[in-house]
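The file model_38.cif comes next; it holds mmCIF, C-alpha atoms.
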data_run
#
loop_
_atom_site.label_atom_id
_atom_site.label_comp_id
_atom_site.auth_asym_id
_atom_site.auth_seq_id
_atom_site.Cartn_x
_atom_site.Cartn_y
_atom_site.Cartn_z
CA MET A 160 0.00 0.00 0.00
CA ASP A 161 1.31 3.43 -0.95
CA TYR A 162 -0.42 6.38 0.72
CA GLN A 163 0.04 9.02 3.36
CA HIS A 164 -2.47 10.64 5.68
CA PRO A 165 -1.81 13.29 8.36
CA SER A 166 -3.67 11.56 11.20
CA VAL A 167 -3.98 7.85 10.26
CA ASP A 168 -1.07 5.54 9.59
CA GLN A 169 -1.19 2.44 7.42
CA MET A 170 -1.00 0.01 10.35
CA THR A 171 -3.86 1.66 12.25
CA LEU A 172 -6.17 1.62 9.26
CA HIS A 173 -5.44 -2.04 8.50
CA LYS A 174 -5.91 -2.96 12.16
CA ILE A 175 -9.34 -1.34 12.44
CA ILE A 176 -10.58 -2.90 9.19
CA ALA A 177 -9.29 -6.32 10.30
CA GLN A 178 -10.96 -5.94 13.73
CA CYS A 179 -14.31 -5.13 12.15
CA ASN A 180 -13.90 -8.02 9.71
CA ALA A 181 -13.28 -10.44 12.58
CA GLU A 182 -15.90 -9.07 14.95
CA PHE A 183 -18.75 -8.88 12.47
CA GLY A 184 -17.86 -11.96 10.44
CA TRP A 185 -17.51 -10.23 7.08
CA GLY A 186 -15.20 -12.94 5.75
CA LEU A 187 -13.03 -10.54 3.75
CA SER A 188 -9.91 -11.89 2.08
CA ALA A 189 -6.50 -10.23 2.41
CA SER A 190 -6.95 -8.59 -1.00
CA GLU A 191 -10.38 -7.30 -0.02
CA LEU A 192 -9.00 -5.85 3.21
CA GLU A 193 -6.36 -4.08 1.15
CA SER A 194 -9.02 -2.76 -1.24
CA TYR A 195 -11.03 -1.40 1.71
CA ALA A 196 -7.96 0.42 3.01
CA GLN A 197 -7.06 1.85 -0.40
CA SER A 198 -10.59 3.14 -0.92
CA LEU A 199 -11.11 4.49 2.58
CA VAL A 200 -7.90 6.48 2.76
CA ARG A 201 -9.16 8.60 -0.13
CA CYS A 202 -12.31 9.39 1.87
CA LEU A 203 -10.74 10.36 5.18
CA PRO A 204 -11.01 13.97 6.38
CA GLU A 205 -7.79 15.72 7.31
CA HIS A 206 -8.22 14.90 10.98
CA VAL A 207 -9.95 11.70 12.07
CA ASP A 208 -9.77 9.78 15.34
CA GLN A 209 -10.10 6.02 15.75
CA VAL A 210 -13.77 6.24 16.77
CA LYS A 211 -14.68 8.12 13.60
CA LEU A 212 -12.45 5.85 11.52
CA THR A 213 -14.20 2.73 12.85
CA GLN A 214 -17.54 4.33 12.05
CA MET A 215 -16.41 5.02 8.48
CA VAL A 216 -15.24 1.42 8.04
CA LEU A 217 -18.71 0.21 9.04
CA TYR A 218 -20.42 2.63 6.67
CA TYR A 219 -18.07 1.67 3.84
CA HIS A 220 -18.74 -2.05 4.28
CA GLN A 221 -22.48 -1.43 4.42
CA ASP A 222 -22.79 0.85 1.39
CA HIS A 223 -19.81 0.75 -0.96
CA GLN A 224 -21.17 -1.93 -3.29
CA GLN A 225 -24.41 -0.03 -3.78
CA VAL A 226 -22.54 3.25 -4.31
CA ALA A 227 -20.43 1.58 -6.99
CA ALA A 228 -23.53 0.15 -8.69
CA LEU A 229 -25.29 3.53 -8.65
CA GLN A 230 -22.30 5.15 -10.35
CA ASN A 231 -21.76 2.45 -12.98
CA ARG A 232 -24.38 2.40 -15.75
CA SER A 233 -23.20 -1.04 -16.90
CA HIS A 234 -23.64 -2.63 -13.46
CA PRO A 235 -26.48 -5.20 -13.51
CA ASP A 236 -28.12 -3.60 -10.44
CA HIS A 237 -27.71 0.02 -11.58
CA ASP A 238 -31.27 0.62 -12.80
CA GLN A 239 -32.83 -1.35 -9.95
CA PHE A 240 -31.06 0.68 -7.26
CA TRP A 241 -32.07 3.99 -8.86
CA THR A 242 -35.68 2.82 -9.14
CA ILE A 243 -35.68 1.92 -5.44
CA TRP A 244 -34.23 5.30 -4.48
CA LEU A 245 -36.78 7.16 -6.59
CA HIS A 246 -39.56 5.33 -4.76
CA ASP A 247 -38.04 5.92 -1.32
CA VAL A 248 -37.31 9.60 -1.95
CA ALA A 249 -40.84 10.18 -3.25
CA GLN A 250 -42.26 8.54 -0.12
CA VAL A 251 -40.19 10.77 2.14
CA ILE A 252 -41.20 13.89 0.22
CA ASN A 253 -44.88 12.98 0.49
CA ARG A 254 -44.66 11.93 4.13
CA GLY A 255 -42.82 15.08 5.13
CA LYS A 256 -45.03 17.37 3.00
CA MET A 257 -41.79 18.79 1.56
CA ALA A 258 -43.39 19.89 -1.71
CA SER A 259 -45.63 22.51 -0.12
CA LEU A 260 -45.13 25.50 2.14
CA GLY A 261 -47.82 28.07 2.84
CA ASP A 262 -49.19 29.37 -0.45
CA HIS A 263 -46.47 27.67 -2.46
CA ALA A 264 -46.40 24.18 -3.91
CA LEU A 265 -44.01 22.14 -6.02
CA ASP A 266 -44.76 19.04 -8.02
CA ALA A 267 -43.72 16.18 -5.71
CA ASP A 268 -42.58 13.98 -8.61
CA ASP A 269 -40.49 16.81 -10.04
CA LEU A 270 -38.96 17.40 -6.61
CA ALA A 271 -38.10 13.71 -6.24
CA GLN A 272 -36.48 13.61 -9.68
CA THR A 273 -34.54 16.82 -8.97
CA ALA A 274 -33.29 15.32 -5.70
CA LEU A 275 -32.15 12.17 -7.50
CA ASP A 276 -30.42 14.22 -10.18
CA GLU A 277 -28.54 16.02 -7.41
CA MET A 278 -27.75 12.68 -5.79
CA SER A 279 -26.32 11.39 -9.09
CA ARG A 280 -24.09 14.46 -9.44
CA SER A 281 -22.96 14.36 -5.81
CA LEU A 282 -22.26 10.63 -5.34
CA LYS A 283 -18.64 11.15 -6.31
CA ASN A 284 -18.32 13.30 -3.17
CA PHE A 285 -19.83 10.71 -0.79
CA LYS A 286 -17.08 9.95 1.75
CA TYR A 287 -18.73 7.38 4.07
CA GLN A 288 -18.78 9.78 7.01
CA SER A 289 -22.44 8.80 7.45
CA SER A 290 -24.58 6.02 6.08
CA LEU A 291 -25.70 6.39 2.47
CA LYS A 292 -29.29 6.57 3.71
CA THR A 293 -28.57 9.52 6.00
CA TRP A 294 -26.54 11.28 3.31
CA VAL A 295 -29.30 10.92 0.70
CA TYR A 296 -32.05 12.22 2.96
CA ARG A 297 -29.99 15.19 4.02
CA LEU A 298 -29.49 15.92 0.34
CA VAL A 299 -33.26 15.65 -0.19
CA VAL A 300 -33.79 18.15 2.63
CA GLN A 301 -31.29 20.58 1.09
CA THR A 302 -32.80 20.22 -2.38
CA SER A 303 -36.33 20.77 -1.07
CA ARG A 304 -35.34 23.85 0.89
CA ARG A 305 -33.47 25.34 -2.05
CA MET A 306 -36.38 24.84 -4.45
CA LEU A 307 -38.89 26.27 -1.98
CA ARG A 308 -36.69 29.27 -1.27
CA ASP A 309 -36.34 29.88 -5.01
CA LEU A 310 -40.11 29.71 -5.33
CA ARG A 311 -40.61 32.12 -2.43
CA ALA A 312 -38.08 34.51 -3.92
CA LYS A 313 -40.26 34.81 -7.04
CA LYS A 314 -43.44 35.36 -5.08
CA ARG A 315 -43.47 35.87 -1.33
CA PRO A 316 -46.31 34.42 0.76
CA ARG A 317 -49.12 36.84 1.58
CA GLY A 318 -48.53 38.73 4.80
CA VAL A 319 -44.78 38.01 4.90
CA ALA A 320 -42.69 41.17 4.48
CA SER A 321 -39.33 39.42 4.26
CA LEU A 322 -37.94 35.94 3.74
CA ASP A 323 -36.20 36.33 7.09
CA GLU A 324 -39.60 36.55 8.79
CA LEU A 325 -40.63 33.08 7.73
CA PRO A 326 -40.85 30.79 10.78
CA GLU A 327 -37.96 28.35 11.15
CA GLU A 328 -40.52 25.57 11.68
CA ALA A 329 -41.67 26.12 8.10
CA LEU A 330 -38.14 25.88 6.74
CA ALA A 331 -37.66 22.66 8.71
CA LEU A 332 -40.78 20.84 7.50
CA CYS A 333 -38.71 18.34 5.59
CA ASP A 334 -36.51 17.65 8.62
CA ALA A 335 -39.37 15.95 10.40
CA CYS A 336 -39.24 12.62 8.60
CA GLU A 337 -36.79 9.85 7.79
CA PRO A 338 -36.90 6.98 5.32
CA ASP A 339 -38.62 4.45 7.54
CA GLU A 340 -40.72 4.13 10.67
CA GLU A 341 -37.68 3.37 12.82
CA ALA A 342 -35.97 6.72 12.20
CA CYS A 343 -36.41 10.03 14.01
CA GLY A 344 -36.66 13.37 12.29
CA GLU A 345 -33.70 15.71 12.45
CA MET A 346 -35.71 18.19 14.51
CA LEU A 347 -36.23 15.64 17.25
CA ILE A 348 -32.68 14.32 16.92
CA GLY A 349 -31.25 17.79 17.38
CA LEU A 350 -33.36 18.42 20.46
CA THR A 351 -32.65 15.06 22.08
CA CYS A 352 -28.91 15.13 21.42
CA ALA A 353 -28.68 18.66 22.80
CA LEU A 354 -30.39 17.50 25.99
CA LEU A 355 -28.27 14.36 26.30
CA GLU A 356 -25.04 16.29 25.81
CA ARG A 357 -25.77 18.22 29.01
CA ILE A 358 -25.65 15.18 31.24
CA LYS A 359 -22.57 13.67 32.82
CA ASP A 360 -22.11 10.70 30.47
CA GLN A 361 -21.91 12.44 27.08
CA ARG A 362 -21.57 9.11 25.30
CA MET A 363 -25.36 8.90 25.47
CA ALA A 364 -25.74 11.56 22.78
CA GLN A 365 -23.40 9.76 20.38
CA ILE A 366 -24.95 6.36 21.08
CA PHE A 367 -28.45 7.74 20.65
CA TYR A 368 -27.51 9.36 17.32
CA LEU A 369 -25.87 6.19 15.98
CA ALA A 370 -28.97 4.17 16.88
CA ALA A 371 -31.66 6.65 15.84
CA VAL A 372 -30.17 8.20 12.70
CA ASP A 373 -27.70 5.67 11.34
CA ASP A 374 -29.66 2.61 12.46
CA LEU A 375 -26.60 0.77 13.74
CA SER A 376 -26.91 -2.31 15.93
CA THR A 377 -25.76 -2.29 19.55
CA ALA A 378 -22.80 -4.46 18.53
CA GLN A 379 -21.74 -1.97 15.86
CA ILE A 380 -22.20 0.97 18.21
CA GLY A 381 -20.25 -0.83 20.92
CA ASN A 382 -17.36 -1.33 18.52
CA ILE A 383 -17.33 2.40 17.72
CA VAL A 384 -17.51 3.66 21.33
CA HIS A 385 -15.51 0.74 22.80
CA LEU A 386 -18.31 -0.58 25.01
CA HIS A 387 -19.92 -4.00 25.39
CA PRO A 388 -23.29 -4.23 23.57
CA SER A 389 -25.04 -4.78 26.90
CA ARG A 390 -23.63 -1.46 28.14
CA VAL A 391 -24.78 0.23 24.93
CA ARG A 392 -28.29 -1.13 25.46
CA ALA A 393 -28.24 0.09 29.07
CA LEU A 394 -27.16 3.59 28.03
CA LEU A 395 -29.81 3.71 25.31
CA GLN A 396 -32.46 2.76 27.85
CA GLN A 397 -31.17 5.42 30.27
CA ALA A 398 -31.32 7.96 27.44
CA ARG A 399 -34.93 7.05 26.66
CA THR A 400 -35.90 7.27 30.32
CA LEU A 401 -34.25 10.67 30.72
CA LEU A 402 -35.82 12.01 27.54
CA GLN A 403 -39.30 10.81 28.45
CA GLU A 404 -39.08 12.90 31.62
CA ARG A 405 -38.08 16.11 29.84
CA PRO A 406 -40.87 18.66 29.30
CA GLU A 407 -39.26 19.72 26.01
CA ILE A 408 -39.65 16.21 24.62
CA GLN A 409 -43.18 15.86 25.98
CA ALA A 410 -44.10 19.11 24.25
CA TRP A 411 -42.54 17.94 20.97
CA LEU A 412 -44.37 14.63 21.08
CA ALA A 413 -47.64 16.44 21.76
CA ASP A 414 -47.31 18.15 18.37
CA HIS A 415 -45.66 15.35 16.34
CA GLU A 416 -45.99 11.64 15.83
CA ALA A 417 -44.31 9.66 18.60
CA SER A 418 -40.85 8.30 17.93
CA PRO A 419 -39.81 4.72 18.83
CA PHE A 420 -36.54 6.10 20.17
CA VAL A 421 -38.11 8.29 22.87
#
Can the structure from this file be put into structure tokens for me?
Amino acid sequence: MDYQHPSVDQMTLHKIIAQCNAEFGWGLSASELESYAQSLVRCLPEHVDQVKLTQMVLYYHQDHQQVAALQNRSHPDHDQFWTIWLHDVAQVINRGKMASLGDHALDADDLAQTALDEMSRSLKNFKYQSSLKTWVYRLVVQTSRRMLRDLRAKKRPRGVASLDELPEEALALCDACEPDEEACGEMLIGLTCALLERIKDQRMAQIFYLAAVDDLSTAQIGNIVHLHPSRVRALLQQARTLLQERPEIQAWLADHEASPFV
């Protein structure tokens, strides 16, 4: 292997990939381990610690084959993957009412196709610092906001003197949903993580985020934060208990659909 990185040496990267391979039973060969390392080093940010690096290894293993298929028109699964994403993105747009805001409305199908076009252009920049699922839905949020802002710029809503006067809740409509019933909206995630970060054991916020947003198992989370899965489960339960007692969360749940993570 021939590469250099300012914060990760060759031995450390190989060690973490090998540990994940052994712990999760991936069954990778020596050449596949080398391929993982060669690909991942090109994705690493300038500064990355071992926790973040382990997380990226897990994301890479989970998603790299699909990313490759999405980028390669000759891949046998290329069209199938794009069809699935079009369906999933359209569902999220409809569920989150992203195509409408006040007096304005976009065509939901056009919005979904625009989001997928942006996804196609941006895939080359996907660096496995989150799951592909999380990255795509953040991109959908950004695309929806940009299109709605462009629409508002052409014709402001009645009674609104300035774009700056629009309520932040309106701009965050599309943050309130995720691709499946097991995921929390970014609005709730932001609130819960902010609350959890105030308590003594700040690992709760990271563990909660990895479970709620990135849908990792307790074993995968334990490998990232260097805790036994049983301890991860205990901390997740403590987080849920603490959050259920918070008036901020109770108020949020009174106005939104309940989340399985709270």
Segment 229-245 of chain A: which residues within 12 Å, counting only C-alpha atoms, same-chain residues fewer than 2 positions away excluded, as an mmCIF file with C-alpha atoms, keeping the file's coordinate frame?
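Below is the file that was written, result-v1.cif:
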data_model
loop_
_atom_site.group_PDB
_atom_site.id
_atom_site.type_symbol
_atom_site.label_atom_id
_atom_site.label_comp_id
_atom_site.auth_asym_id
_atom_site.auth_seq_id
_atom_site.Cartn_x
_atom_site.Cartn_y
_atom_site.Cartn_z
ATOM 1 C CA ASP A 222 -22.790 0.850 1.390
ATOM 2 C CA HIS A 223 -19.810 0.750 -0.960
ATOM 3 C CA GLN A 224 -21.170 -1.930 -3.290
ATOM 4 C CA GLN A 225 -24.410 -0.030 -3.780
ATOM 5 C CA VAL A 226 -22.540 3.250 -4.310
ATOM 6 C CA ALA A 227 -20.430 1.580 -6.990
ATOM 7 C CA ASP A 247 -38.040 5.920 -1.320
ATOM 8 C CA VAL A 248 -37.310 9.600 -1.950
ATOM 9 C CA ALA A 249 -40.840 10.180 -3.250
ATOM 10 C CA GLN A 250 -42.260 8.540 -0.120
ATOM 11 C CA VAL A 251 -40.190 10.770 2.140
ATOM 12 C CA ILE A 252 -41.200 13.890 0.220
ATOM 13 C CA ALA A 267 -43.720 16.180 -5.710
ATOM 14 C CA ASP A 268 -42.580 13.980 -8.610
ATOM 15 C CA ASP A 269 -40.490 16.810 -10.040
ATOM 16 C CA LEU A 270 -38.960 17.400 -6.610
ATOM 17 C CA ALA A 271 -38.100 13.710 -6.240
ATOM 18 C CA GLN A 272 -36.480 13.610 -9.680
ATOM 19 C CA THR A 273 -34.540 16.820 -8.970
ATOM 20 C CA ALA A 274 -33.290 15.320 -5.700
ATOM 21 C CA LEU A 275 -32.150 12.170 -7.500
ATOM 22 C CA ASP A 276 -30.420 14.220 -10.180
ATOM 23 C CA MET A 278 -27.750 12.680 -5.790
ATOM 24 C CA SER A 279 -26.320 11.390 -9.090
ATOM 25 C CA ARG A 280 -24.090 14.460 -9.440
ATOM 26 C CA SER A 281 -22.960 14.360 -5.810
ATOM 27 C CA LEU A 282 -22.260 10.630 -5.340
ATOM 28 C CA LYS A 283 -18.640 11.150 -6.310
ATOM 29 C CA ASN A 284 -18.320 13.300 -3.170
ATOM 30 C CA PHE A 285 -19.830 10.710 -0.790
ATOM 31 C CA LEU A 291 -25.700 6.390 2.470
ATOM 32 C CA LYS A 292 -29.290 6.570 3.710
ATOM 33 C CA VAL A 295 -29.300 10.920 0.700
ATOM 34 C CA TYR A 296 -32.050 12.220 2.960
ATOM 35 C CA VAL A 299 -33.260 15.650 -0.190
ATOM 36 C CA PRO A 338 -36.900 6.980 5.320
#
Decode the PyMOL selection byres ((chain A and resi 172) around 9) for the given file into explicit residues and return them as a VMD selection string.
chain A and resid 167 to 171 173 to 177 196 199 to 200 209 212 to 213
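Of the listed residues A:Ile383, A:Val391, A:Leu298, A:Ala370, the one whose atoms come nearest to Glu182 of chain A is A:Ile383, with distances taken using all atoms listed in the file.
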Can you tell me how far atom CA of Gln396 of chain A sits from atom CA of Gln365 of chain A, in Å to one decimal?
13.7 Å
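The space between atom CA of Tyr368 of chain A and atom CA of Cys202 of chain A spans 21.7 Å.
Of note, atom CA of Ser303 of chain A and atom CA of Gln221 of chain A are spaced 26.7 Å apart.
Take the candidates A:Asn253, A:His220, A:Ser389, A:Asp208 and check each one against Ser194 of chain A using only C-alpha atoms; the shortest distance goes to A:His220.
Using only C-alpha atoms, the shortest contact distance between Asn382 of chain A and any of A:Arg201, A:Lys286, A:Arg399, A:Lys211 is found at A:Lys211.
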Counting all atoms listed in the file, which of A:Glu277, A:Tyr287, A:Ser190, A:Tyr219 gets nearest to Val300 of chain A?
A:Glu277
Step by step, gather every atom of segment 232-235 of chain A that the file lists, find the box along x, y and z that holds them, add 8 Å on each side, and finally give centre and edge lengths in Å to one decimal, as lines of an AutoDock Vina configuration file.
center_x = -24.8
center_y = -1.4
center_z = -15.2
size_x = 19.3
size_y = 23.6
size_z = 19.4
Counting only C-alpha atoms, which residue out of A:Leu217, A:Leu307, A:Ala228, A:Leu187 sits closest to Leu265 of chain A?
A:Leu307
Completion of segment 293-306 of chain A up to N, CA and C atoms, as a CSV table (one decimal), in the frame of the given file:
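This went into rebuild_37.csv:
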chain,number,residue,atom,x,y,z
A,293,THR,N,-28.6,8.2,5.4
A,293,THR,CA,-28.6,9.5,6.0
A,293,THR,C,-28.1,10.6,5.0
A,294,TRP,N,-27.1,10.3,4.3
A,294,TRP,CA,-26.5,11.3,3.3
A,294,TRP,C,-27.6,11.6,2.3
A,295,VAL,N,-28.3,10.7,1.7
A,295,VAL,CA,-29.3,10.9,0.7
A,295,VAL,C,-30.4,11.8,1.3
A,296,TYR,N,-30.9,11.5,2.4
A,296,TYR,CA,-32.0,12.2,3.0
A,296,TYR,C,-31.7,13.6,3.4
A,297,ARG,N,-30.4,13.8,3.8
A,297,ARG,CA,-30.0,15.2,4.0
A,297,ARG,C,-30.0,16.0,2.7
A,298,LEU,N,-29.5,15.3,1.7
A,298,LEU,CA,-29.5,15.9,0.3
A,298,LEU,C,-30.9,16.3,-0.1
A,299,VAL,N,-31.9,15.4,0.2
A,299,VAL,CA,-33.3,15.6,-0.2
A,299,VAL,C,-33.8,16.9,0.6
A,300,VAL,N,-33.4,17.0,1.8
A,300,VAL,CA,-33.8,18.2,2.6
A,300,VAL,C,-33.2,19.4,2.0
A,301,GLN,N,-31.9,19.4,1.7
A,301,GLN,CA,-31.3,20.6,1.1
A,301,GLN,C,-31.9,21.0,-0.2
A,302,THR,N,-32.2,19.9,-1.1
A,302,THR,CA,-32.8,20.2,-2.4
A,302,THR,C,-34.2,20.8,-2.2
A,303,SER,N,-35.0,20.3,-1.3
A,303,SER,CA,-36.3,20.8,-1.1
A,303,SER,C,-36.3,22.2,-0.6
A,304,ARG,N,-35.4,22.5,0.4
A,304,ARG,CA,-35.3,23.8,0.9
A,304,ARG,C,-34.9,24.8,-0.2
A,305,ARG,N,-34.0,24.4,-1.0
A,305,ARG,CA,-33.5,25.3,-2.0
A,305,ARG,C,-34.6,25.6,-3.1
A,306,MET,N,-35.3,24.6,-3.5
A,306,MET,CA,-36.4,24.8,-4.4
A,306,MET,C,-37.5,25.7,-3.9
